[in-house]
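Printed here is input_14.cif (mmCIF, N, CA and C atoms):
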```
data_coords
loop_
_atom_site.label_atom_id
_atom_site.label_comp_id
_atom_site.auth_asym_id
_atom_site.auth_seq_id
_atom_site.Cartn_x
_atom_site.Cartn_y
_atom_site.Cartn_z
N MET L 1 -179.58 111.43 -95.97
CA MET L 1 -179.29 111.22 -97.38
C MET L 1 -180.16 112.16 -98.22
N SER L 2 -179.56 112.83 -99.18
CA SER L 2 -180.32 113.76 -100.00
C SER L 2 -181.09 113.02 -101.09
N GLU L 3 -182.16 113.65 -101.52
CA GLU L 3 -183.03 113.06 -102.54
C GLU L 3 -183.05 113.92 -103.79
N SER L 4 -183.49 113.32 -104.89
CA SER L 4 -183.70 114.05 -106.14
C SER L 4 -185.17 113.93 -106.50
N LYS L 5 -185.73 115.01 -107.01
CA LYS L 5 -187.14 115.01 -107.39
C LYS L 5 -187.28 115.74 -108.71
N ILE L 6 -188.13 115.21 -109.58
CA ILE L 6 -188.43 115.86 -110.85
C ILE L 6 -189.79 116.53 -110.74
N ILE L 7 -189.84 117.79 -111.13
CA ILE L 7 -191.08 118.57 -111.12
C ILE L 7 -191.45 118.86 -112.56
N ASP L 8 -192.53 118.26 -113.03
CA ASP L 8 -192.96 118.45 -114.41
C ASP L 8 -193.94 119.62 -114.49
N ALA L 9 -193.43 120.76 -114.95
CA ALA L 9 -194.26 121.95 -115.11
C ALA L 9 -194.42 122.29 -116.59
N CYS L 10 -194.27 121.28 -117.45
CA CYS L 10 -194.43 121.50 -118.89
C CYS L 10 -195.87 121.96 -119.19
N ASN L 11 -195.99 122.81 -120.18
CA ASN L 11 -197.27 123.34 -120.64
C ASN L 11 -197.95 124.23 -119.61
N THR L 12 -197.17 124.75 -118.64
CA THR L 12 -197.66 125.82 -117.77
C THR L 12 -196.81 127.04 -118.05
N TYR L 13 -197.34 128.20 -117.76
CA TYR L 13 -196.65 129.43 -118.12
C TYR L 13 -196.45 130.32 -116.91
N CYS L 14 -195.54 131.25 -117.06
CA CYS L 14 -195.16 132.17 -116.00
C CYS L 14 -196.40 132.71 -115.28
N PRO L 15 -196.38 132.65 -113.96
CA PRO L 15 -195.31 132.25 -113.06
C PRO L 15 -195.41 130.79 -112.61
N GLY L 16 -196.22 129.99 -113.29
CA GLY L 16 -196.47 128.60 -112.89
C GLY L 16 -195.25 127.76 -112.58
N PRO L 17 -194.29 127.63 -113.51
CA PRO L 17 -193.13 126.78 -113.24
C PRO L 17 -192.34 127.22 -112.00
N LEU L 18 -192.12 128.52 -111.85
CA LEU L 18 -191.38 129.00 -110.69
C LEU L 18 -192.16 128.74 -109.41
N MET L 19 -193.45 128.94 -109.43
CA MET L 19 -194.27 128.69 -108.24
C MET L 19 -194.25 127.21 -107.86
N GLU L 20 -194.25 126.33 -108.85
CA GLU L 20 -194.13 124.89 -108.59
C GLU L 20 -192.80 124.60 -107.88
N LEU L 21 -191.73 125.18 -108.41
CA LEU L 21 -190.41 124.97 -107.82
C LEU L 21 -190.37 125.46 -106.37
N ILE L 22 -190.92 126.65 -106.13
CA ILE L 22 -190.92 127.21 -104.78
C ILE L 22 -191.69 126.30 -103.83
N THR L 23 -192.83 125.79 -104.26
CA THR L 23 -193.63 124.89 -103.42
C THR L 23 -192.83 123.66 -103.02
N TYR L 24 -192.18 123.03 -103.99
CA TYR L 24 -191.40 121.83 -103.70
C TYR L 24 -190.14 122.15 -102.90
N MET L 25 -189.54 123.31 -103.14
CA MET L 25 -188.34 123.70 -102.41
C MET L 25 -188.65 123.85 -100.92
N LYS L 26 -189.83 124.37 -100.59
CA LYS L 26 -190.22 124.52 -99.19
C LYS L 26 -190.33 123.17 -98.49
N GLN L 27 -190.68 122.12 -99.24
CA GLN L 27 -190.84 120.78 -98.68
C GLN L 27 -189.53 119.99 -98.67
N ALA L 28 -188.56 120.44 -99.46
CA ALA L 28 -187.29 119.71 -99.60
C ALA L 28 -186.41 119.92 -98.37
N LYS L 29 -185.45 119.02 -98.23
CA LYS L 29 -184.45 119.12 -97.16
C LYS L 29 -183.17 119.70 -97.75
N VAL L 30 -182.34 120.28 -96.90
CA VAL L 30 -181.05 120.82 -97.34
C VAL L 30 -180.27 119.68 -98.00
N GLY L 31 -179.73 119.96 -99.17
CA GLY L 31 -178.97 118.96 -99.93
C GLY L 31 -179.78 118.28 -101.03
N ASP L 32 -181.12 118.38 -100.95
CA ASP L 32 -181.95 117.77 -101.99
C ASP L 32 -181.78 118.51 -103.31
N THR L 33 -181.89 117.77 -104.41
CA THR L 33 -181.82 118.34 -105.75
C THR L 33 -183.19 118.22 -106.41
N LEU L 34 -183.64 119.32 -106.97
CA LEU L 34 -184.92 119.35 -107.68
C LEU L 34 -184.63 119.67 -109.15
N GLU L 35 -185.27 118.92 -110.04
CA GLU L 35 -185.14 119.18 -111.47
C GLU L 35 -186.49 119.65 -111.98
N LEU L 36 -186.52 120.87 -112.45
CA LEU L 36 -187.75 121.46 -112.98
C LEU L 36 -187.77 121.30 -114.50
N LEU L 37 -188.84 120.72 -115.02
CA LEU L 37 -189.04 120.59 -116.46
C LEU L 37 -190.06 121.64 -116.88
N SER L 38 -189.73 122.43 -117.89
CA SER L 38 -190.62 123.51 -118.30
C SER L 38 -190.50 123.77 -119.80
N THR L 39 -191.64 124.05 -120.42
CA THR L 39 -191.65 124.43 -121.83
C THR L 39 -191.76 125.95 -121.99
N ASP L 40 -191.82 126.67 -120.87
CA ASP L 40 -191.90 128.13 -120.89
C ASP L 40 -190.48 128.70 -120.91
N ASN L 41 -190.11 129.39 -122.00
CA ASN L 41 -188.76 129.91 -122.14
C ASN L 41 -188.38 130.91 -121.04
N GLY L 42 -189.34 131.62 -120.48
CA GLY L 42 -189.06 132.57 -119.42
C GLY L 42 -188.51 131.91 -118.17
N THR L 43 -188.80 130.63 -118.00
CA THR L 43 -188.32 129.88 -116.84
C THR L 43 -186.80 129.86 -116.79
N ALA L 44 -186.15 129.83 -117.94
CA ALA L 44 -184.69 129.76 -118.00
C ALA L 44 -184.05 131.00 -117.39
N ASN L 45 -184.78 132.12 -117.34
CA ASN L 45 -184.27 133.34 -116.69
C ASN L 45 -184.81 133.49 -115.27
N ASP L 46 -186.08 133.15 -115.10
CA ASP L 46 -186.74 133.34 -113.80
C ASP L 46 -186.12 132.50 -112.69
N VAL L 47 -185.85 131.23 -112.98
CA VAL L 47 -185.34 130.32 -111.95
C VAL L 47 -183.95 130.74 -111.47
N PRO L 48 -182.97 130.98 -112.36
CA PRO L 48 -181.65 131.42 -111.87
C PRO L 48 -181.71 132.71 -111.06
N GLU L 49 -182.57 133.65 -111.47
CA GLU L 49 -182.72 134.90 -110.72
C GLU L 49 -183.23 134.62 -109.31
N TRP L 50 -184.24 133.77 -109.19
CA TRP L 50 -184.80 133.44 -107.89
C TRP L 50 -183.77 132.70 -107.04
N ILE L 51 -183.05 131.74 -107.65
CA ILE L 51 -182.04 130.96 -106.93
C ILE L 51 -180.97 131.90 -106.35
N ASN L 52 -180.51 132.84 -107.15
CA ASN L 52 -179.50 133.80 -106.67
C ASN L 52 -180.05 134.67 -105.55
N LYS L 53 -181.30 135.06 -105.65
CA LYS L 53 -181.93 135.92 -104.65
C LYS L 53 -182.06 135.22 -103.31
N VAL L 54 -182.46 133.95 -103.32
CA VAL L 54 -182.71 133.24 -102.06
C VAL L 54 -181.50 132.45 -101.56
N GLY L 55 -180.48 132.26 -102.41
CA GLY L 55 -179.24 131.66 -101.95
C GLY L 55 -179.10 130.15 -102.09
N HIS L 56 -179.88 129.54 -102.98
CA HIS L 56 -179.70 128.12 -103.24
C HIS L 56 -178.67 127.95 -104.37
N GLU L 57 -178.44 126.74 -104.82
CA GLU L 57 -177.42 126.48 -105.84
C GLU L 57 -178.06 126.05 -107.16
N MET L 58 -177.68 126.74 -108.23
CA MET L 58 -178.10 126.35 -109.58
C MET L 58 -177.11 125.31 -110.05
N VAL L 59 -177.58 124.07 -110.24
CA VAL L 59 -176.70 122.96 -110.62
C VAL L 59 -176.50 122.94 -112.12
N SER L 60 -177.60 123.02 -112.88
CA SER L 60 -177.49 123.00 -114.34
C SER L 60 -178.76 123.55 -114.97
N SER L 61 -178.61 123.97 -116.21
CA SER L 61 -179.73 124.49 -116.99
C SER L 61 -179.46 124.17 -118.45
N GLU L 62 -180.34 123.37 -119.03
CA GLU L 62 -180.17 123.06 -120.46
C GLU L 62 -181.52 122.81 -121.11
N LYS L 63 -181.58 123.11 -122.39
CA LYS L 63 -182.81 122.89 -123.16
C LYS L 63 -182.61 121.65 -124.02
N VAL L 64 -183.50 120.70 -123.85
CA VAL L 64 -183.48 119.46 -124.63
C VAL L 64 -184.76 119.44 -125.45
N GLY L 65 -184.63 119.64 -126.75
CA GLY L 65 -185.82 119.77 -127.59
C GLY L 65 -186.55 121.04 -127.20
N GLU L 66 -187.80 120.91 -126.79
CA GLU L 66 -188.60 122.07 -126.38
C GLU L 66 -188.69 122.22 -124.87
N VAL L 67 -187.98 121.37 -124.14
CA VAL L 67 -188.12 121.34 -122.68
C VAL L 67 -186.85 121.82 -121.98
N TRP L 68 -187.02 122.77 -121.07
CA TRP L 68 -185.92 123.21 -120.21
C TRP L 68 -185.80 122.25 -119.05
N HIS L 69 -184.57 121.86 -118.72
CA HIS L 69 -184.25 121.02 -117.57
C HIS L 69 -183.37 121.87 -116.65
N LEU L 70 -183.95 122.32 -115.53
CA LEU L 70 -183.23 123.18 -114.60
C LEU L 70 -183.07 122.43 -113.28
N LYS L 71 -181.83 122.17 -112.90
CA LYS L 71 -181.54 121.46 -111.65
C LYS L 71 -181.05 122.45 -110.60
N VAL L 72 -181.66 122.38 -109.42
CA VAL L 72 -181.28 123.25 -108.32
C VAL L 72 -181.10 122.42 -107.05
N ARG L 73 -180.21 122.89 -106.19
CA ARG L 73 -179.97 122.19 -104.92
C ARG L 73 -180.31 123.13 -103.77
N LYS L 74 -181.07 122.62 -102.82
CA LYS L 74 -181.42 123.41 -101.64
C LYS L 74 -180.19 123.47 -100.74
N THR L 75 -179.78 124.68 -100.39
CA THR L 75 -178.56 124.85 -99.60
C THR L 75 -178.81 125.36 -98.19
N LYS L 76 -180.05 125.76 -97.90
CA LYS L 76 -180.32 126.26 -96.54
C LYS L 76 -181.77 126.03 -96.16
#
```
Take the structure in the file and give it back as structure tokens.
Amino acid sequence: MSESKIIDACNTYCPGPLMELITYMKQAKVGDTLELLSTDNGTANDVPEWINKVGHEMVSSEKVGEVWHLKVRKTK
């Protein structure tokens, strides 16, 4: 059964949020969904680029107030 995890990287700056996501992605199982919370606007570009490069799935990306909510699914 796949799991969902929220990673709160608010108030950290590049490359912090992406590095947090990478750390948790290494621990996740295939099918798990991770939601990264970030107040760094660069994260909205960095995460999709990394996801495309490594071959995982970008589920959603939206900004709610000052916080980016980026959901990704581990595919391999």
field: Residues matched by the PyMOL selection byres (((chain L and resi 44 and name CA) around 9) and name CA), written as a list in words
entry: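 What the PyMOL selection byres (((chain L and resi 44 and name CA) around 9) and name CA) grabs from the file is Ser38, Asp40, Asn41, Gly42, Thr43, Asn45, Asp46, Val47, Pro48, Ser61, Glu62, Lys63, Trp68, His69 and Leu70 of chain L.
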task: Counting only C-alpha atoms, select every polymer residue within 10 Å of (-186.9, 112.2, -111.3) as defined in the file's coordinates, and provide the selection as a list in words.
output: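 Nearby residues: Glu3, Ser4, Lys5, Ile6, Ile7, Asp8, Thr33, Leu34, Glu35 and Leu36 of chain L.
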Using the selection just defined, write its residues with N, CA and C atoms as a CSV table (one decimal), in the coordinates of the input.
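Listed below is the output, result-v8.csv:
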```
chain,number,residue,atom,x,y,z
L,3,GLU,N,-182.2,113.6,-101.5
L,3,GLU,CA,-183.0,113.1,-102.5
L,3,GLU,C,-183.0,113.9,-103.8
L,4,SER,N,-183.5,113.3,-104.9
L,4,SER,CA,-183.7,114.0,-106.1
L,4,SER,C,-185.2,113.9,-106.5
L,5,LYS,N,-185.7,115.0,-107.0
L,5,LYS,CA,-187.1,115.0,-107.4
L,5,LYS,C,-187.3,115.7,-108.7
L,6,ILE,N,-188.1,115.2,-109.6
L,6,ILE,CA,-188.4,115.9,-110.8
L,6,ILE,C,-189.8,116.5,-110.7
L,7,ILE,N,-189.8,117.8,-111.1
L,7,ILE,CA,-191.1,118.6,-111.1
L,7,ILE,C,-191.4,118.9,-112.6
L,8,ASP,N,-192.5,118.3,-113.0
L,8,ASP,CA,-193.0,118.4,-114.4
L,8,ASP,C,-193.9,119.6,-114.5
L,33,THR,N,-181.9,117.8,-104.4
L,33,THR,CA,-181.8,118.3,-105.8
L,33,THR,C,-183.2,118.2,-106.4
L,34,LEU,N,-183.6,119.3,-107.0
L,34,LEU,CA,-184.9,119.4,-107.7
L,34,LEU,C,-184.6,119.7,-109.2
L,35,GLU,N,-185.3,118.9,-110.0
L,35,GLU,CA,-185.1,119.2,-111.5
L,35,GLU,C,-186.5,119.6,-112.0
L,36,LEU,N,-186.5,120.9,-112.4
L,36,LEU,CA,-187.8,121.5,-113.0
L,36,LEU,C,-187.8,121.3,-114.5
```
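Those residues of chain L that DSSP, working from the backbone, places in alpha helix (DSSP H) are Gly16, Pro17, Leu18, Met19, Glu20, Leu21, Ile22, Thr23, Tyr24, Met25, Lys26, Gln27, Thr43, Ala44, Asn45, Asp46, Val47, Pro48, Glu49, Trp50, Ile51, Asn52, Lys53 and Val54 of chain L.
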Nearest candidate to L:Val54 (options L:Cys14, L:Glu66, L:Thr39, L:Lys76; using all atoms listed in the file): L:Lys76
- request: To one decimal in Å, tell me the separation between atom C of L:Ala28 and atom C of L:Gly55.
  value: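 Distance between the two atoms: 13.1 Å.
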- request: Select from stretch 1-59 of chain L everything DSSP, run on the backbone, classes as strand (DSSP E), then give the selection as a list in words.
  value: Ser4, Lys5, Ile6, Ile7, Asp8, Thr33, Leu34, Glu35, Leu36, Leu37, Ser38, Glu57, Met58 and Val59 of chain L
field: Which of L:Ser2, L:Met19, L:Val72, L:Gly31 sits closest to L:Ile51 [using only N, CA and C atoms]
entry: L:Val72
message: I'd like the interatomic distance between atom CA of L:Lys53 and atom CA of L:Lys74, to a tenth of an Å.
response: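 That distance, rounded to one decimal, is 12.9 Å.
The two atoms in question, atom CA of L:Gly65 and atom CA of L:Glu20, are spaced 21.4 Å apart.
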Expected axis-aligned box over every listed atom of stretch 13-20 of chain L, 6 Å added per side, centre plus edges in Å to one decimal, as AutoDock Vina command-line options:
```
--center_x -194.4 --center_y 128.7 --center_z -113.0 --size_x 18.0 --size_y 20.1 --size_z 22.3
```
field: Which residue of L:Met58, L:Met1, L:Gly16, L:Val67 approaches L:Val30 most closely, using only N, CA and C atoms
entry: L:Met1
query: Which of these residues is nearest to L:Leu37, using only C-alpha atoms: L:His56, L:Cys10, L:Glu49, L:Thr23?
result: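 Nearest candidate to L:Leu37 out of L:His56, L:Cys10, L:Glu49, L:Thr23: L:Cys10.
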